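Let me begin by presenting the structure, written as C-alpha cells, before commenting on it.
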Amino acid sequence: MAKIIDGKKIASEMLSEVFMEVKALKEKGIEPCLAVIIVGDDPASKVYVKNKKADCGLVGIRSLEFSLPADTTQKELVDLVKKLNNDRSVHGILCQSPIPKHLDEKEVINTISPEKDVDAFHPVNVGHIMIGDGAFLPCTPTGVMEMLRHEGISAEGKRCVVIGRSNIVGKPMSLLLLAQNGTVTICHSKTKNLPEITRDADILVCAAGVRNLVTADMVKEGAVVIDVSMNRNDEGKLCGDVDFAEVEKVAGYITPVPGGVGPMTRAILMKNTLTAVKNLTKQN
Ligand code: GUN
C-alpha cells in the first residue's frame, strides 16, 4: 500500500512559517497585500478565490477582491491591473483563470507588473523559471516539489513522466523536475501508448484534468504518483486523474484529491506574496 502524502499538513506547516514572517514585516510597519481579480461567475473559480482569501486571513496578509461582472470590457480589466500596478500598498496581483472568452487573457497577464506577478505567469517570470533564477515560484509545480522534498524524494536520475502540458502546471512542472536532474517525459492528449510511457515512471505527475485516466496497470510498482487535477465525479465529489483506490495498492507514494496538491499550491502563493513584499520594499 502506498504512503499517502498529506498536502494539507505540509501546507499548514508552510503557512505557519509565512505567518511568522508576515508578523515580522508588520512589526516594521509593512502590511503585505494581495489583490485578487475574478471576472464572471465560474463556480470553481469562486471557490479558489474564496480559499485564497482565507489563506491570506490565516497568515495575516491583507486581501483585496475585485469581483467583476462577466460583461467587463478588456479595457476595464486592463485599467484595473494598471491601477493595482501603481498602487504601492498592493504587493501581489493575480487574475483568476479562466476569464470569459471575449477577453484576452494573454494581454491581462502581460499587463501585470512582473514584480507583482505572484502566479509567475508573466513571460518575464516564465523565462526566469526556464533559466532557474526566478524570484517567483510557479505555485502548483513548486508545491509538488515541496511535497517530494518533504518525503525525502529527489528527482535526480529518476524517470519522471508529466501528463499535461499546460502553461500553469505541465510545462513548469517538467522544468522543475529537470532542474533537479530528473529524466523528464511530457505526455499530452496526442501522446500514443500512454500506458507504456507511464509504466516506466518512477515519478508520475498527473495534470490532464481527465477523471480515471490513470489506472493501476499504468503505474510501476513503488512509483511516486502525484495527482494535480481537480475533477468532479458523477456525484459531484472532487477527484483527480488517478483511480486512487486501485493505484494506491501499486504505488509507493500517492497524493489524495482533495487534500493533496491543492493546499500546497495555495501555500506557495502565500510565499510568493511574501517574496513580492520583500522585493518591493527591499527587505531581506
Ligand atoms: N486557475 C487555476 N489555477 C490557477 C492559478 O494557479 N492561478 C490563477 N490565477 N488562476 C488559476
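Residues are named by chain letter and number: chains run A, B, ... in the order of the C-alpha cells, numbers start at 1 in each chain, and ligands are numbered from 1 in the order shown.
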*What residues have any atom no more than 8 Å from ligand 1 when counting only C-alpha atoms and all ligand atoms, and can you list them as a count of residues only?*
12
_List as a PyMOL selection string the protein and nucleic acid residues near Leu274 (chain A), meaning an atom at most 12 Å away when only C-alpha atoms are counted, but skip any in the same chain fewer than 3 places from it._
chain A and resi 15+17-26+30-34+56+59-62+90-92+115-118+135-137+267-271+277-284
*Can you pull out every residue within 12 Å of Ile129 (chain A), counting only C-alpha atoms, but drop anything in the same chain fewer than 6 positions away, and send it as a ChimeraX atom specification?*
/A:119-123,135-139,141-142,167-168,171-179
*Write out as a PyMOL selection string each polymer residue whose atoms come within 12 Å of Lys237 (chain A), counting only C-alpha atoms; drop sequence neighbours fewer than 4 positions from it.*
chain A and resi 211+230-233+257-258
I need the chosen residues saved as an mmCIF file, in the first residue's frame, with all heavy atoms.
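Saved result, out-v8.cif, follows:
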```
data_model
loop_
_atom_site.group_PDB
_atom_site.id
_atom_site.type_symbol
_atom_site.label_atom_id
_atom_site.label_comp_id
_atom_site.auth_asym_id
_atom_site.auth_seq_id
_atom_site.Cartn_x
_atom_site.Cartn_y
_atom_site.Cartn_z
ATOM 1 N N ARG A 211 -10.759 12.463 -15.443
ATOM 2 C CA ARG A 211 -11.055 11.557 -14.342
ATOM 3 C C ARG A 211 -10.771 10.099 -14.736
ATOM 4 O O ARG A 211 -11.078 9.683 -15.856
ATOM 5 C CB ARG A 211 -12.519 11.784 -14.000
ATOM 6 C CG ARG A 211 -13.238 10.832 -13.192
ATOM 7 C CD ARG A 211 -14.417 11.547 -12.583
ATOM 8 N NE ARG A 211 -15.498 11.763 -13.520
ATOM 9 C CZ ARG A 211 -16.565 10.948 -13.621
ATOM 10 N NH1 ARG A 211 -16.648 9.888 -12.851
ATOM 11 N NH2 ARG A 211 -17.525 11.204 -14.470
ATOM 12 N N MET A 230 -8.197 18.517 -10.464
ATOM 13 C CA MET A 230 -9.409 18.687 -9.649
ATOM 14 C C MET A 230 -10.601 18.477 -10.559
ATOM 15 O O MET A 230 -11.033 19.416 -11.247
ATOM 16 C CB MET A 230 -9.479 20.112 -9.103
ATOM 17 C CG MET A 230 -8.401 20.439 -8.120
ATOM 18 S SD MET A 230 -8.928 19.982 -6.481
ATOM 19 C CE MET A 230 -8.271 21.357 -5.597
ATOM 20 N N ASN A 231 -11.111 17.254 -10.603
ATOM 21 C CA ASN A 231 -12.295 16.969 -11.413
ATOM 22 C C ASN A 231 -13.465 16.682 -10.472
ATOM 23 O O ASN A 231 -13.276 16.569 -9.266
ATOM 24 C CB ASN A 231 -12.039 15.734 -12.289
ATOM 25 C CG ASN A 231 -10.730 15.814 -13.049
ATOM 26 O OD1 ASN A 231 -10.483 16.789 -13.747
ATOM 27 N ND2 ASN A 231 -9.876 14.810 -12.893
ATOM 28 N N ARG A 232 -14.639 16.563 -11.042
ATOM 29 C CA ARG A 232 -15.814 16.167 -10.245
ATOM 30 C C ARG A 232 -16.309 14.825 -10.767
ATOM 31 O O ARG A 232 -16.368 14.605 -11.981
ATOM 32 C CB ARG A 232 -16.938 17.195 -10.393
ATOM 33 C CG ARG A 232 -16.568 18.565 -9.882
ATOM 34 C CD ARG A 232 -17.295 18.925 -8.606
ATOM 35 N NE ARG A 232 -16.728 20.152 -8.053
ATOM 36 C CZ ARG A 232 -16.688 20.416 -6.762
ATOM 37 N NH1 ARG A 232 -17.150 19.558 -5.877
ATOM 38 N NH2 ARG A 232 -16.165 21.551 -6.330
ATOM 39 N N ASN A 233 -16.664 13.915 -9.849
ATOM 40 C CA ASN A 233 -17.240 12.646 -10.300
ATOM 41 C C ASN A 233 -18.756 12.796 -10.480
ATOM 42 O O ASN A 233 -19.295 13.886 -10.323
ATOM 43 C CB ASN A 233 -16.869 11.501 -9.346
ATOM 44 C CG ASN A 233 -17.505 11.654 -7.975
ATOM 45 O OD1 ASN A 233 -18.433 12.447 -7.807
ATOM 46 N ND2 ASN A 233 -17.013 10.898 -7.020
ATOM 47 N N VAL A 257 -6.881 13.530 -3.556
ATOM 48 C CA VAL A 257 -7.640 14.702 -4.040
ATOM 49 C C VAL A 257 -9.028 14.620 -3.408
ATOM 50 O O VAL A 257 -9.725 13.629 -3.631
ATOM 51 C CB VAL A 257 -7.789 14.693 -5.578
ATOM 52 C CG1 VAL A 257 -8.620 15.897 -6.034
ATOM 53 C CG2 VAL A 257 -6.449 14.678 -6.279
ATOM 54 N N PRO A 258 -9.437 15.585 -2.600
ATOM 55 C CA PRO A 258 -8.692 16.784 -2.182
ATOM 56 C C PRO A 258 -7.687 16.470 -1.060
ATOM 57 O O PRO A 258 -7.586 15.326 -0.637
ATOM 58 C CB PRO A 258 -9.816 17.696 -1.686
ATOM 59 C CG PRO A 258 -10.890 16.773 -1.198
ATOM 60 C CD PRO A 258 -10.807 15.535 -2.063
#
```
*DSSP says strand (DSSP E) for which residues of region 142-275 of chain A? Put them as a ChimeraX atom specification?*
/A:159-163,183-187,203-206,224-227,231-232,238-239,253-254
Save the residues we just selected, N, CA, C and O atoms, as a short mmCIF file (atom, residue, chain, number, x, y, z; two decimals), in the first residue's frame?
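What follows is the written file out_33.cif:
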```cif
data_model
loop_
_atom_site.label_atom_id
_atom_site.label_comp_id
_atom_site.auth_asym_id
_atom_site.auth_seq_id
_atom_site.Cartn_x
_atom_site.Cartn_y
_atom_site.Cartn_z
N ARG A 159 13.21 8.51 -13.66
CA ARG A 159 12.33 8.66 -14.82
C ARG A 159 11.09 9.42 -14.36
O ARG A 159 10.33 8.92 -13.53
N CYS A 160 10.90 10.63 -14.86
CA CYS A 160 9.75 11.44 -14.46
C CYS A 160 8.82 11.59 -15.65
O CYS A 160 9.27 11.93 -16.74
N VAL A 161 7.55 11.31 -15.45
CA VAL A 161 6.57 11.48 -16.52
C VAL A 161 5.51 12.46 -16.06
O VAL A 161 4.95 12.31 -14.97
N VAL A 162 5.30 13.50 -16.87
CA VAL A 162 4.28 14.50 -16.57
C VAL A 162 3.18 14.36 -17.62
O VAL A 162 3.47 14.41 -18.82
N ILE A 163 1.95 14.15 -17.17
CA ILE A 163 0.83 14.10 -18.12
C ILE A 163 0.14 15.46 -18.08
O ILE A 163 -0.40 15.86 -17.05
N THR A 183 14.96 12.72 -15.45
CA THR A 183 14.85 12.47 -16.89
C THR A 183 13.36 12.55 -17.21
O THR A 183 12.59 11.69 -16.79
N VAL A 184 13.00 13.63 -17.92
CA VAL A 184 11.58 14.01 -17.96
C VAL A 184 10.93 13.75 -19.32
O VAL A 184 11.49 14.10 -20.35
N THR A 185 9.76 13.14 -19.29
CA THR A 185 8.94 12.97 -20.49
C THR A 185 7.61 13.69 -20.27
O THR A 185 7.01 13.54 -19.20
N ILE A 186 7.20 14.48 -21.25
CA ILE A 186 5.90 15.16 -21.16
C ILE A 186 4.91 14.46 -22.08
O ILE A 186 5.17 14.32 -23.28
N CYS A 187 3.78 14.05 -21.51
CA CYS A 187 2.72 13.41 -22.31
C CYS A 187 1.52 14.35 -22.39
O CYS A 187 1.34 15.20 -21.53
N ILE A 203 8.53 8.71 -11.02
CA ILE A 203 7.69 9.80 -10.51
C ILE A 203 6.69 10.14 -11.62
O ILE A 203 7.09 10.49 -12.74
N LEU A 204 5.40 10.01 -11.31
CA LEU A 204 4.35 10.27 -12.30
C LEU A 204 3.48 11.42 -11.81
O LEU A 204 2.87 11.33 -10.75
N VAL A 205 3.49 12.51 -12.58
CA VAL A 205 2.67 13.68 -12.22
C VAL A 205 1.50 13.76 -13.19
O VAL A 205 1.70 13.85 -14.40
N CYS A 206 0.30 13.72 -12.65
CA CYS A 206 -0.90 13.67 -13.49
C CYS A 206 -1.62 15.01 -13.44
O CYS A 206 -2.09 15.41 -12.37
N VAL A 224 6.09 6.97 -7.40
CA VAL A 224 5.50 8.12 -6.71
C VAL A 224 4.44 8.71 -7.65
O VAL A 224 4.76 9.09 -8.78
N VAL A 225 3.20 8.76 -7.21
CA VAL A 225 2.11 9.23 -8.07
C VAL A 225 1.51 10.51 -7.48
O VAL A 225 0.99 10.52 -6.37
N ILE A 226 1.66 11.59 -8.24
CA ILE A 226 1.19 12.91 -7.80
C ILE A 226 0.01 13.31 -8.68
O ILE A 226 0.15 13.41 -9.90
N ASP A 227 -1.12 13.55 -8.05
CA ASP A 227 -2.34 13.87 -8.79
C ASP A 227 -2.68 15.36 -8.60
O ASP A 227 -3.07 15.79 -7.51
N ASN A 231 -11.11 17.25 -10.60
CA ASN A 231 -12.29 16.97 -11.41
C ASN A 231 -13.46 16.68 -10.47
O ASN A 231 -13.28 16.57 -9.27
N ARG A 232 -14.64 16.56 -11.04
CA ARG A 232 -15.81 16.17 -10.25
C ARG A 232 -16.31 14.82 -10.77
O ARG A 232 -16.37 14.60 -11.98
N LEU A 238 -15.16 15.95 -5.50
CA LEU A 238 -13.86 16.24 -6.10
C LEU A 238 -13.05 14.95 -6.29
O LEU A 238 -13.02 14.09 -5.41
N CYS A 239 -12.41 14.83 -7.45
CA CYS A 239 -11.49 13.71 -7.68
C CYS A 239 -10.42 14.16 -8.66
O CYS A 239 -10.58 15.17 -9.35
N TYR A 253 4.12 5.94 -3.19
CA TYR A 253 3.59 7.17 -2.59
C TYR A 253 2.45 7.66 -3.49
O TYR A 253 2.51 7.50 -4.72
N ILE A 254 1.46 8.29 -2.87
CA ILE A 254 0.35 8.83 -3.67
C ILE A 254 -0.21 10.06 -2.97
O ILE A 254 -0.15 10.16 -1.74
#
```
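Picture a line from CA of Ser229 (chain A) to CA of Asp241 (chain A); it runs 5.9 Å.
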*So, counting only C-alpha atoms, which residue among A:Glu151, A:Leu194, A:Gly134, A:Thr273 is closest to Ala35 (chain A)?*
A:Thr273
*Tell me, in Å to one decimal, how far CA of Leu103 (chain A) is from CA of Gln74 (chain A).*
5.7 Å
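Closest to Asp79 (chain A) among A:Asp202, A:Ser154, A:Asp55, A:Thr111 is A:Thr111, based on only C-alpha atoms.
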*So how many Å separate CA of Asn212 (chain A) and CA of Gly252 (chain A), to one decimal?*
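CA of Gly252 (chain A) lies at a distance of 18.8 Å from CA of Asn212 (chain A).
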*So, counting only C-alpha atoms, which residue among A:Gln180, A:Asn272, A:Gly29, A:Thr72 is closest to Gly132 (chain A)?*
A:Gln180
